[in-house]
>>> print(open('input_25.cif').read())   # mmCIF, C-alpha atoms
data_coords
loop_
_atom_site.label_atom_id
_atom_site.label_comp_id
_atom_site.auth_asym_id
_atom_site.auth_seq_id
_atom_site.Cartn_x
_atom_site.Cartn_y
_atom_site.Cartn_z
CA MET Z 1 0.00 0.00 0.00
CA LYS Z 2 1.38 3.41 -0.97
CA ARG Z 3 1.95 5.75 1.95
CA LYS Z 4 0.19 8.93 0.90
CA ASP Z 5 -0.50 12.23 2.62
CA TYR Z 6 -4.27 11.61 2.70
CA LEU Z 7 -6.28 8.47 3.38
CA LEU Z 8 -9.97 7.63 3.03
CA ALA Z 9 -11.25 4.50 4.77
CA THR Z 10 -14.86 4.03 3.76
CA ASP Z 11 -17.74 1.62 3.88
CA LEU Z 12 -19.13 0.77 0.44
CA ASP Z 13 -22.88 0.05 0.36
CA ASN Z 14 -24.88 3.23 0.93
CA THR Z 15 -21.72 5.21 1.72
CA LEU Z 16 -19.23 5.46 -1.13
CA ALA Z 17 -21.55 3.44 -3.41
CA GLY Z 18 -25.25 3.99 -3.98
CA ASP Z 19 -25.42 7.29 -5.87
CA PRO Z 20 -23.36 7.40 -9.10
CA LEU Z 21 -23.65 11.18 -9.43
CA ALA Z 22 -22.44 11.75 -5.88
CA LEU Z 23 -19.55 9.33 -6.45
CA GLN Z 24 -18.52 11.13 -9.62
CA GLY Z 25 -18.77 14.43 -7.81
CA LEU Z 26 -16.41 13.19 -5.10
CA LEU Z 27 -13.91 11.87 -7.65
CA ASN Z 28 -14.09 15.13 -9.60
CA PHE Z 29 -13.48 17.03 -6.38
CA PHE Z 30 -10.37 14.99 -5.58
CA ASN Z 31 -9.11 15.50 -9.14
CA LYS Z 32 -9.80 19.24 -9.14
CA GLU Z 33 -8.02 19.73 -5.83
CA GLU Z 34 -5.15 17.49 -6.97
CA LEU Z 35 -5.78 15.06 -4.13
CA ASP Z 36 -4.87 11.41 -4.41
CA PRO Z 37 -5.86 9.78 -1.12
CA ALA Z 38 -4.98 6.20 -0.30
CA LEU Z 39 -8.19 4.16 -0.28
CA ILE Z 40 -9.19 1.48 2.19
CA TYR Z 41 -12.53 -0.16 1.46
CA VAL Z 42 -14.14 -1.38 4.68
CA THR Z 43 -17.15 -3.55 3.93
CA GLY Z 44 -19.42 -6.18 5.38
CA ARG Z 45 -19.26 -8.08 2.11
CA HIS Z 46 -16.93 -11.00 1.50
CA LEU Z 47 -14.14 -10.34 -0.97
CA ASP Z 48 -15.72 -11.77 -4.12
CA SER Z 49 -18.95 -9.88 -3.49
CA ALA Z 50 -17.02 -6.67 -2.83
CA LEU Z 51 -15.07 -7.04 -6.06
CA GLU Z 52 -18.34 -7.52 -7.96
CA LEU Z 53 -19.75 -4.36 -6.39
CA MET Z 54 -16.63 -2.40 -7.30
CA GLU Z 55 -17.03 -3.41 -10.95
CA LYS Z 56 -20.79 -2.82 -10.98
CA GLU Z 57 -20.57 0.63 -9.38
CA GLN Z 58 -17.35 1.57 -11.22
CA LEU Z 59 -15.55 2.37 -7.99
CA PRO Z 60 -11.87 3.27 -8.12
CA ALA Z 61 -9.56 0.43 -7.12
CA PRO Z 62 -8.53 0.64 -3.46
CA ASP Z 63 -5.11 0.20 -1.92
CA LEU Z 64 -6.39 -2.19 0.74
CA TRP Z 65 -9.51 -4.29 1.33
CA ILE Z 66 -11.04 -4.84 4.75
CA THR Z 67 -13.91 -7.27 4.26
CA ASP Z 68 -16.42 -9.36 6.22
CA VAL Z 69 -17.04 -6.65 8.85
CA GLY Z 70 -13.35 -6.40 9.67
CA THR Z 71 -12.45 -10.10 9.86
CA ALA Z 72 -10.19 -10.14 6.79
CA ILE Z 73 -7.63 -7.75 5.28
CA TYR Z 74 -6.30 -8.11 1.73
CA ASP Z 75 -3.66 -6.40 -0.34
CA ALA Z 76 -5.59 -4.87 -3.24
CA ASP Z 77 -2.99 -5.68 -5.89
CA THR Z 78 -2.38 -9.33 -5.08
CA LEU Z 79 -5.55 -10.11 -3.07
CA THR Z 80 -3.25 -11.80 -0.57
CA GLU Z 81 -4.71 -11.99 2.92
CA ASP Z 82 -2.88 -10.42 5.85
CA THR Z 83 -1.97 -13.56 7.83
CA GLU Z 84 -0.89 -11.65 10.94
CA TRP Z 85 -4.37 -10.17 11.30
CA HIS Z 86 -6.01 -13.52 10.48
CA ASN Z 87 -4.01 -15.37 13.12
CA ARG Z 88 -4.44 -12.64 15.73
CA ILE Z 89 -8.25 -12.59 15.66
CA ASN Z 90 -8.95 -16.30 15.12
CA GLU Z 91 -7.15 -17.68 18.17
CA ASN Z 92 -10.40 -18.17 20.14
CA TRP Z 93 -12.92 -18.16 17.28
CA GLN Z 94 -15.65 -20.82 17.76
CA PRO Z 95 -18.08 -20.66 14.83
CA SER Z 96 -19.46 -24.15 15.48
CA ALA Z 97 -20.45 -23.20 19.04
CA ILE Z 98 -22.21 -20.09 17.74
CA LEU Z 99 -24.13 -22.11 15.17
CA ARG Z 100 -25.25 -24.62 17.81
CA MET Z 101 -26.61 -21.78 19.90
CA ALA Z 102 -28.34 -20.20 16.89
CA LYS Z 103 -30.43 -23.36 16.37
CA ASN Z 104 -32.45 -22.26 19.41
CA PHE Z 105 -33.54 -19.12 17.57
CA PRO Z 106 -35.47 -20.04 14.40
CA ASP Z 107 -36.09 -16.39 13.53
CA LEU Z 108 -32.39 -16.11 12.70
CA LYS Z 109 -31.87 -16.93 9.02
CA ARG Z 110 -28.26 -17.80 8.29
CA GLN Z 111 -26.56 -16.08 5.36
CA GLU Z 112 -24.67 -18.30 2.96
CA LEU Z 113 -20.98 -17.38 2.92
CA PRO Z 114 -17.96 -18.99 1.23
CA HIS Z 115 -16.07 -19.22 4.54
CA SER Z 116 -16.45 -19.03 8.31
CA LYS Z 117 -14.52 -15.81 8.95
CA ARG Z 118 -17.81 -14.52 10.34
CA ILE Z 119 -21.23 -16.05 11.05
CA SER Z 120 -24.07 -13.89 9.78
CA PHE Z 121 -27.84 -13.98 10.00
CA THR Z 122 -30.78 -11.85 8.97
CA VAL Z 123 -34.00 -11.26 10.89
CA GLU Z 124 -37.25 -9.63 9.94
CA PRO Z 125 -37.36 -5.96 11.01
CA GLY Z 126 -38.79 -5.55 14.48
CA ASN Z 127 -37.19 -8.70 15.90
CA SER Z 128 -34.69 -6.93 18.13
CA LYS Z 129 -35.94 -8.91 21.17
CA THR Z 130 -34.88 -12.18 19.53
CA VAL Z 131 -31.51 -10.68 18.67
CA ARG Z 132 -31.01 -9.47 22.23
CA LEU Z 133 -31.87 -12.92 23.68
CA PHE Z 134 -29.46 -14.58 21.28
CA GLN Z 135 -26.71 -12.22 22.35
CA GLU Z 136 -27.47 -12.78 26.03
CA ASN Z 137 -27.33 -16.56 25.61
CA LEU Z 138 -23.97 -16.37 23.85
CA GLU Z 139 -22.62 -14.33 26.73
CA LEU Z 140 -24.07 -16.68 29.36
CA GLU Z 141 -22.36 -19.61 27.65
CA GLY Z 142 -19.07 -17.73 27.56
CA ILE Z 143 -18.63 -18.14 23.79
CA PRO Z 144 -16.01 -15.59 22.64
CA HIS Z 145 -17.40 -13.27 19.98
CA TYR Z 146 -17.98 -9.69 18.87
CA PHE Z 147 -21.69 -9.05 18.23
CA VAL Z 148 -22.95 -6.56 15.63
CA PHE Z 149 -26.64 -5.82 14.93
CA SER Z 150 -27.25 -3.29 12.18
CA SER Z 151 -29.97 -1.92 9.90
CA ASP Z 152 -32.63 -3.65 12.09
CA ARG Z 153 -32.01 -6.89 10.18
CA ASP Z 154 -28.32 -7.88 9.96
CA VAL Z 155 -26.71 -9.93 12.73
CA ASP Z 156 -22.96 -10.54 12.48
CA LEU Z 157 -20.93 -12.68 14.85
CA LEU Z 158 -17.21 -12.02 14.57
CA PRO Z 159 -14.05 -13.08 16.38
CA GLU Z 160 -14.03 -11.17 19.65
CA HIS Z 161 -11.09 -8.86 18.87
CA SER Z 162 -12.18 -7.92 15.36
CA GLY Z 163 -14.71 -5.58 13.77
CA LYS Z 164 -14.31 -2.74 11.33
CA GLY Z 165 -12.81 -0.40 13.89
CA GLN Z 166 -10.13 -2.75 15.15
CA ALA Z 167 -9.26 -3.78 11.59
CA VAL Z 168 -8.94 -0.15 10.47
CA GLU Z 169 -6.82 0.71 13.49
CA TYR Z 170 -4.50 -2.21 12.71
CA ALA Z 171 -4.34 -1.29 9.02
CA LEU Z 172 -3.51 2.35 9.72
CA LYS Z 173 -0.68 1.38 12.05
CA ARG Z 174 0.75 -1.21 9.67
CA TYR Z 175 0.17 0.28 6.22
CA ALA Z 176 -0.56 4.01 6.33
CA ALA Z 177 1.84 6.93 6.43
CA PRO Z 178 2.21 8.08 10.06
CA HIS Z 179 1.44 11.67 9.08
CA ALA Z 180 -1.55 10.86 6.84
CA LYS Z 181 -4.67 12.99 7.20
CA VAL Z 182 -7.45 10.43 7.60
CA LEU Z 183 -11.21 10.39 7.04
CA LEU Z 184 -13.42 7.43 8.01
CA ALA Z 185 -16.90 7.09 6.50
CA GLY Z 186 -19.92 4.91 7.21
CA ASP Z 187 -23.69 4.66 7.35
CA SER Z 188 -24.81 1.82 9.66
CA GLY Z 189 -24.30 0.09 12.98
CA ASN Z 190 -21.52 -2.14 11.76
CA ASP Z 191 -19.53 1.07 11.13
CA SER Z 192 -19.95 2.45 14.65
CA GLN Z 193 -16.75 0.87 16.01
CA MET Z 194 -14.79 2.38 13.11
CA LEU Z 195 -16.46 5.79 13.38
CA SER Z 196 -15.55 5.92 17.07
CA LEU Z 197 -11.80 5.72 16.43
CA PRO Z 198 -9.74 8.85 17.26
CA PHE Z 199 -9.71 10.09 13.66
CA PRO Z 200 -12.01 12.44 11.73
CA SER Z 201 -15.08 10.51 10.62
CA VAL Z 202 -18.35 11.11 8.84
CA ILE Z 203 -21.83 9.68 9.22
CA VAL Z 204 -23.35 10.26 5.78
CA GLY Z 205 -26.73 11.94 5.55
CA ASN Z 206 -28.58 8.77 4.51
CA ALA Z 207 -27.27 6.78 7.49
CA GLN Z 208 -29.34 4.28 9.46
CA PRO Z 209 -31.05 5.71 12.59
CA GLU Z 210 -28.97 3.47 14.87
CA LEU Z 211 -25.99 5.78 14.36
CA ASN Z 212 -27.93 8.50 16.15
CA ASP Z 213 -26.83 6.68 19.31
CA LEU Z 214 -23.22 7.68 18.75
CA PRO Z 215 -22.48 10.64 21.03
CA SER Z 216 -21.67 14.03 19.58
CA HIS Z 217 -17.92 14.45 19.29
CA PRO Z 218 -15.58 16.84 17.47
CA LEU Z 219 -14.25 13.92 15.41
CA ILE Z 220 -17.70 12.74 14.28
CA TYR Z 221 -19.23 14.82 11.50
CA ARG Z 222 -22.90 14.28 10.59
CA SER Z 223 -23.26 15.33 6.98
CA THR Z 224 -26.40 16.62 5.34
CA ALA Z 225 -25.35 15.30 1.92
CA HIS Z 226 -25.97 11.64 1.16
CA PHE Z 227 -23.69 8.80 0.00
CA ALA Z 228 -20.37 9.97 -1.48
CA GLY Z 229 -21.60 13.56 -1.26
CA GLY Z 230 -21.45 13.22 2.52
CA ILE Z 231 -17.83 12.10 2.26
CA GLN Z 232 -17.01 15.18 0.21
CA GLU Z 233 -18.80 17.46 2.65
CA ALA Z 234 -16.82 16.05 5.58
CA TRP Z 235 -13.56 16.08 3.64
CA GLU Z 236 -14.01 19.78 2.93
CA HIS Z 237 -14.84 20.39 6.57
CA TYR Z 238 -11.86 18.60 8.09
CA HIS Z 239 -9.11 18.84 5.52
CA MET Z 240 -9.90 22.00 3.54
CA PRO Z 241 -10.85 24.72 6.03
CA SER Z 242 -11.68 27.21 3.28
CA TYR Z 243 -14.62 24.97 2.36
CA LYS Z 244 -16.01 24.77 5.90
CA THR Z 245 -19.78 25.30 5.88
CA LYS Z 246 -21.16 23.99 9.19
CA PRO Z 247 -20.08 23.24 12.77
CA ILE Z 248 -18.63 19.84 13.63
CA GLY Z 249 -21.20 17.40 15.00
CA SER Z 250 -24.19 19.43 13.81
#
>>> encode(input="input_25.cif", output="structure tokens")
Amino acid sequence: MKRKDYLLATDLDNTLAGDPLALQGLLNFFNKEELDPALIYVTGRHLDSALELMEKEQLPAPDLWITDVGTAIYDADTLTEDTEWHNRINENWQPSAILRMAKNFPDLKRQELPHSKRISFTVEPGNSKTVRLFQENLELEGIPHYFVFSSDRDVDLLPEHSGKGQAVEYALKRYAAPHAKVLLAGDSGNDSQMLSLPFPSVIVGNAQPELNDLPSHPLIYRSTAHFAGGIQEAWEHYHMPSYKTKPIGS
């Protein structure tokens, strides 16, 4: 990964991707201002699905992939997985124990994945009580995990020391330039760990309501613009003071 002066680590679905005009506007902005930030794509998708989305949405190629809600990191050129990260987070990972517990909750519909880096389910909206009971039972049984419930339907069980935030923190320390000016971007609950890191971040204007629970903070910018337009608005706010249009956290 090239060590550049600027770095954007962003979720894909409904953040960088989702509005082609907003995406093109962001890319035009970077080009006009002669900015060339390093790109880290931080997604809940598995790698093959993320690559398909990149082609479909005509996203620029990243420098680094963080996939499966932060449970895998790949070099973007070679698609080689970071084995240090893999080994670090999988030491106590028990997917079979999680699946045994999930059998007691028929409302949880397992997602088909090509691996067991994470265990993921969907529920019908409004089933938060079932999700909470599932989480409580996992904790009572002492099964190591990191639990993420987002968009009122997506349930992700990850190795306990993973998640988008911990993966981004690791990636910045290992791959990014120490002096890089960073922006983190997301739209849903599985981004909250990442958005809470001690770096400038943006909650895009079309974000899920669950991110309203994040406390106001000078490093969390709530944009009015949606999708990639929200990234541009926050970039102007943090990294180009002459563009500043609104107070941080408003």
>>> resolve_selection(input="input_25.cif", expression="the PyMOL selection byres ((chain Z and resi 121-134) around 8)", output="list in words")
Met101, Ala102, Phe105, Asp107, Leu108, Lys109, Arg110, Gln111, Ile119, Ser120, Gln135, Glu136, Asn137, Leu138, Phe149, Asp152, Arg153, Asp154, Val155 and Asp156 of chain Z
>>> closest_residue(input="input_25.cif", among="Z:Lys117, Z:Ala76, Z:Ala17, Z:Lys2", to="Z:Val204", atoms="only C-alpha atoms")
Z:Ala17
>>> resolve_selection(input="input_25.cif", expression="the PyMOL selection byres ((chain Z and resi 116) around 10)", output="short mmCIF file (atom, residue, chain, number, x, y, z; two decimals) with C-alpha atoms, in the frame of the given file")
data_model
loop_
_atom_site.label_atom_id
_atom_site.label_comp_id
_atom_site.auth_asym_id
_atom_site.auth_seq_id
_atom_site.Cartn_x
_atom_site.Cartn_y
_atom_site.Cartn_z
CA ASP Z 68 -16.42 -9.36 6.22
CA THR Z 71 -12.45 -10.10 9.86
CA TRP Z 93 -12.92 -18.16 17.28
CA GLN Z 94 -15.65 -20.82 17.76
CA PRO Z 95 -18.08 -20.66 14.83
CA SER Z 96 -19.46 -24.15 15.48
CA GLU Z 112 -24.67 -18.30 2.96
CA LEU Z 113 -20.98 -17.38 2.92
CA PRO Z 114 -17.96 -18.99 1.23
CA HIS Z 115 -16.07 -19.22 4.54
CA LYS Z 117 -14.52 -15.81 8.95
CA ARG Z 118 -17.81 -14.52 10.34
CA ILE Z 119 -21.23 -16.05 11.05
CA SER Z 120 -24.07 -13.89 9.78
CA LEU Z 158 -17.21 -12.02 14.57
#
>>> residues_around(input="input_25.cif", residues="stretch 193-197 of chain Z", least_positions_apart="3", cutoff="8 Å", atoms="only C-alpha atoms", output="list in words")
Gly163, Lys164, Gly165, Gln166, Val168, Glu169, Leu184, Ala185, Gly186, Asn190, Ser201, Val202, Ile203 and Ile220 of chain Z
>>> residues_around(input="input_25.cif", residues="stretch 21-35 of chain Z", least_positions_apart="2", cutoff="7 Å", atoms="all atoms listed in the file", output="list of chain:residue names")
Z:Leu16, Z:Ala17, Z:Asp19, Z:Pro37, Z:Phe227, Z:Ala228, Z:Gly229, Z:Gln232
>>> write_last_selection(input="input_25.cif", atoms="C-alpha atoms", output="mmCIF file, in the frame of the given file")
data_model
loop_
_atom_site.group_PDB
_atom_site.id
_atom_site.type_symbol
_atom_site.label_atom_id
_atom_site.label_comp_id
_atom_site.auth_asym_id
_atom_site.auth_seq_id
_atom_site.Cartn_x
_atom_site.Cartn_y
_atom_site.Cartn_z
ATOM 1 C CA LEU Z 16 -19.230 5.460 -1.130
ATOM 2 C CA ALA Z 17 -21.550 3.440 -3.410
ATOM 3 C CA ASP Z 19 -25.420 7.290 -5.870
ATOM 4 C CA PRO Z 37 -5.860 9.780 -1.120
ATOM 5 C CA PHE Z 227 -23.690 8.800 0.000
ATOM 6 C CA ALA Z 228 -20.370 9.970 -1.480
ATOM 7 C CA GLY Z 229 -21.600 13.560 -1.260
ATOM 8 C CA GLN Z 232 -17.010 15.180 0.210
#
>>> atom_distance(input="input_25.cif", atom1="atom CA of Z:Phe199", atom2="atom CA of Z:Val182")
6.5 Å
>>> atom_distance(input="input_25.cif", atom1="atom CA of Z:Pro159", atom2="atom CA of Z:Ile89")
5.9 Å
>>> atom_distance(input="input_25.cif", atom1="atom CA of Z:Glu55", atom2="atom CA of Z:Thr10")
16.6 Å
>>> closest_residue(input="input_25.cif", among="Z:His145, Z:Ala207, Z:Val69, Z:Ser188", to="Z:Thr224", atoms="all atoms listed in the file")
Z:Ala207
>>> resolve_selection(input="input_25.cif", expression="the PyMOL selection byres ((chain Z and resi 8) around 6)", output="list in words")
Leu7, Ala9, Leu39, Val182 and Leu183 of chain Z
>>> residues_near_point(input="input_25.cif", point="(-9.4, -3.7, -0.2)", cutoff="6 Å", atoms="all atoms listed in the file", output="list in words")
Ile40, Tyr41, Pro62, Leu64, Trp65, Ile66, Tyr74 and Ala76 of chain Z
>>> closest_residue(input="input_25.cif", among="Z:Thr15, Z:Thr43, Z:Ser223, Z:Thr67", to="Z:His86", atoms="only C-alpha atoms")
Z:Thr67
>>> closest_residue(input="input_25.cif", among="Z:Leu59, Z:Leu47, Z:Lys173, Z:Met54", to="Z:Thr80", atoms="all atoms listed in the file")
Z:Leu47
>>> residues_around(input="input_25.cif", residues="Z:Gly189", least_positions_apart="6", cutoff="7 Å", atoms="only C-alpha atoms", output="list in words")
Phe149, Ser150, Ser151, Glu210 and Leu211 of chain Z
>>> write_last_selection(input="input_25.cif", atoms="C-alpha atoms", output="tab-separated table (two decimals), in the coordinates of the input")
chain	number	residue	atom	x	y	z
Z	149	PHE	CA	-26.64	-5.82	14.93
Z	150	SER	CA	-27.25	-3.29	12.18
Z	151	SER	CA	-29.97	-1.92	9.90
Z	210	GLU	CA	-28.97	3.47	14.87
Z	211	LEU	CA	-25.99	5.78	14.36
>>> closest_residue(input="input_25.cif", among="Z:Gly70, Z:Asp13, Z:Ile98, Z:Tyr146", to="Z:Lys56", atoms="all atoms listed in the file")
Z:Asp13
>>> closest_residue(input="input_25.cif", among="Z:Ala167, Z:Met240, Z:Leu157, Z:Ala225", to="Z:Ala72", atoms="only C-alpha atoms")
Z:Ala167
>>> decode(input="input_25.cif", residues="stretch 158-169 of chain Z", atoms="all heavy atoms", output="PDB file, in the first residue's frame")
ATOM      1  N   LEU Z 158     -18.588 -12.125  15.012  1.00  0.00           N
ATOM      2  CA  LEU Z 158     -17.208 -12.018  14.568  1.00  0.00           C
ATOM      3  C   LEU Z 158     -16.283 -12.508  15.673  1.00  0.00           C
ATOM      4  O   LEU Z 158     -16.667 -12.573  16.842  1.00  0.00           O
ATOM      5  CB  LEU Z 158     -16.869 -10.553  14.264  1.00  0.00           C
ATOM      6  CG  LEU Z 158     -17.897  -9.695  13.530  1.00  0.00           C
ATOM      7  CD1 LEU Z 158     -17.417  -8.252  13.468  1.00  0.00           C
ATOM      8  CD2 LEU Z 158     -18.168 -10.241  12.149  1.00  0.00           C
ATOM      9  N   PRO Z 159     -15.042 -12.850  15.332  1.00  0.00           N
ATOM     10  CA  PRO Z 159     -14.051 -13.084  16.382  1.00  0.00           C
ATOM     11  C   PRO Z 159     -14.002 -11.901  17.335  1.00  0.00           C
ATOM     12  O   PRO Z 159     -14.151 -10.747  16.927  1.00  0.00           O
ATOM     13  CB  PRO Z 159     -12.745 -13.234  15.594  1.00  0.00           C
ATOM     14  CG  PRO Z 159     -13.177 -13.764  14.259  1.00  0.00           C
ATOM     15  CD  PRO Z 159     -14.480 -13.066  13.980  1.00  0.00           C
ATOM     16  N   GLU Z 160     -13.772 -12.194  18.620  1.00  0.00           N
ATOM     17  CA  GLU Z 160     -14.025 -11.173  19.647  1.00  0.00           C
ATOM     18  C   GLU Z 160     -13.140  -9.937  19.534  1.00  0.00           C
ATOM     19  O   GLU Z 160     -13.539  -8.862  19.975  1.00  0.00           O
ATOM     20  CB  GLU Z 160     -13.893 -11.789  21.036  1.00  0.00           C
ATOM     21  CG  GLU Z 160     -12.527 -12.316  21.380  1.00  0.00           C
ATOM     22  CD  GLU Z 160     -12.456 -12.822  22.808  1.00  0.00           C
ATOM     23  OE1 GLU Z 160     -13.231 -12.334  23.650  1.00  0.00           O
ATOM     24  OE2 GLU Z 160     -11.624 -13.703  23.082  1.00  0.00           O
ATOM     25  N   HIS Z 161     -11.969 -10.033  18.964  1.00  0.00           N
ATOM     26  CA  HIS Z 161     -11.092  -8.858  18.870  1.00  0.00           C
ATOM     27  C   HIS Z 161     -11.009  -8.342  17.441  1.00  0.00           C
ATOM     28  O   HIS Z 161      -9.959  -7.865  17.006  1.00  0.00           O
ATOM     29  CB  HIS Z 161      -9.703  -9.200  19.413  1.00  0.00           C
ATOM     30  CG  HIS Z 161      -9.697  -9.589  20.854  1.00  0.00           C
ATOM     31  ND1 HIS Z 161     -10.158  -8.740  21.848  1.00  0.00           N
ATOM     32  CD2 HIS Z 161      -9.325 -10.742  21.470  1.00  0.00           C
ATOM     33  CE1 HIS Z 161     -10.052  -9.345  23.015  1.00  0.00           C
ATOM     34  NE2 HIS Z 161      -9.553 -10.556  22.816  1.00  0.00           N
ATOM     35  N   SER Z 162     -12.139  -8.423  16.732  1.00  0.00           N
ATOM     36  CA  SER Z 162     -12.179  -7.922  15.360  1.00  0.00           C
ATOM     37  C   SER Z 162     -13.245  -6.846  15.241  1.00  0.00           C
ATOM     38  O   SER Z 162     -13.583  -6.188  16.204  1.00  0.00           O
ATOM     39  CB  SER Z 162     -12.414  -9.075  14.382  1.00  0.00           C
ATOM     40  OG  SER Z 162     -13.690  -9.665  14.594  1.00  0.00           O
ATOM     41  N   GLY Z 163     -13.778  -6.668  14.044  1.00  0.00           N
ATOM     42  CA  GLY Z 163     -14.708  -5.583  13.768  1.00  0.00           C
ATOM     43  C   GLY Z 163     -14.045  -4.551  12.883  1.00  0.00           C
ATOM     44  O   GLY Z 163     -12.812  -4.499  12.755  1.00  0.00           O
ATOM     45  N   LYS Z 164     -14.854  -3.725  12.256  1.00  0.00           N
ATOM     46  CA  LYS Z 164     -14.312  -2.735  11.332  1.00  0.00           C
ATOM     47  C   LYS Z 164     -13.342  -1.779  12.006  1.00  0.00           C
ATOM     48  O   LYS Z 164     -12.304  -1.422  11.433  1.00  0.00           O
ATOM     49  CB  LYS Z 164     -15.456  -1.942  10.675  1.00  0.00           C
ATOM     50  CG  LYS Z 164     -16.247  -2.712   9.627  1.00  0.00           C
ATOM     51  CD  LYS Z 164     -17.248  -1.789   8.937  1.00  0.00           C
ATOM     52  CE  LYS Z 164     -17.976  -2.478   7.801  1.00  0.00           C
ATOM     53  NZ  LYS Z 164     -18.881  -1.560   7.073  1.00  0.00           N
ATOM     54  N   GLY Z 165     -13.661  -1.367  13.222  1.00  0.00           N
ATOM     55  CA  GLY Z 165     -12.808  -0.404  13.886  1.00  0.00           C
ATOM     56  C   GLY Z 165     -11.439  -0.969  14.217  1.00  0.00           C
ATOM     57  O   GLY Z 165     -10.413  -0.333  13.954  1.00  0.00           O
ATOM     58  N   GLN Z 166     -11.416  -2.161  14.786  1.00  0.00           N
ATOM     59  CA  GLN Z 166     -10.126  -2.745  15.154  1.00  0.00           C
ATOM     60  C   GLN Z 166      -9.308  -3.073  13.913  1.00  0.00           C
ATOM     61  O   GLN Z 166      -8.079  -2.943  13.910  1.00  0.00           O
ATOM     62  CB  GLN Z 166     -10.334  -3.988  16.014  1.00  0.00           C
ATOM     63  CG  GLN Z 166     -10.978  -3.658  17.361  1.00  0.00           C
ATOM     64  CD  GLN Z 166     -10.611  -4.626  18.453  1.00  0.00           C
ATOM     65  OE1 GLN Z 166      -9.449  -4.910  18.697  1.00  0.00           O
ATOM     66  NE2 GLN Z 166     -11.634  -5.143  19.127  1.00  0.00           N
ATOM     67  N   ALA Z 167      -9.981  -3.502  12.829  1.00  0.00           N
ATOM     68  CA  ALA Z 167      -9.262  -3.783  11.590  1.00  0.00           C
ATOM     69  C   ALA Z 167      -8.678  -2.512  10.990  1.00  0.00           C
ATOM     70  O   ALA Z 167      -7.534  -2.502  10.508  1.00  0.00           O
ATOM     71  CB  ALA Z 167     -10.194  -4.466  10.593  1.00  0.00           C
ATOM     72  N   VAL Z 168      -9.441  -1.423  11.002  1.00  0.00           N
ATOM     73  CA  VAL Z 168      -8.935  -0.152  10.467  1.00  0.00           C
ATOM     74  C   VAL Z 168      -7.771   0.350  11.318  1.00  0.00           C
ATOM     75  O   VAL Z 168      -6.752   0.818  10.787  1.00  0.00           O
ATOM     76  CB  VAL Z 168     -10.065   0.896  10.403  1.00  0.00           C
ATOM     77  CG1 VAL Z 168      -9.500   2.291  10.164  1.00  0.00           C
ATOM     78  CG2 VAL Z 168     -11.052   0.535   9.297  1.00  0.00           C
ATOM     79  N   GLU Z 169      -7.904   0.263  12.616  1.00  0.00           N
ATOM     80  CA  GLU Z 169      -6.822   0.712  13.494  1.00  0.00           C
ATOM     81  C   GLU Z 169      -5.539  -0.069  13.201  1.00  0.00           C
ATOM     82  O   GLU Z 169      -4.445   0.511  13.098  1.00  0.00           O
ATOM     83  CB  GLU Z 169      -7.241   0.529  14.944  1.00  0.00           C
ATOM     84  CG  GLU Z 169      -6.294   1.148  15.949  1.00  0.00           C
ATOM     85  CD  GLU Z 169      -6.874   1.126  17.351  1.00  0.00           C
ATOM     86  OE1 GLU Z 169      -7.547   0.129  17.710  1.00  0.00           O
ATOM     87  OE2 GLU Z 169      -6.644   2.097  18.094  1.00  0.00           O
TER      88      GLU Z 169
END
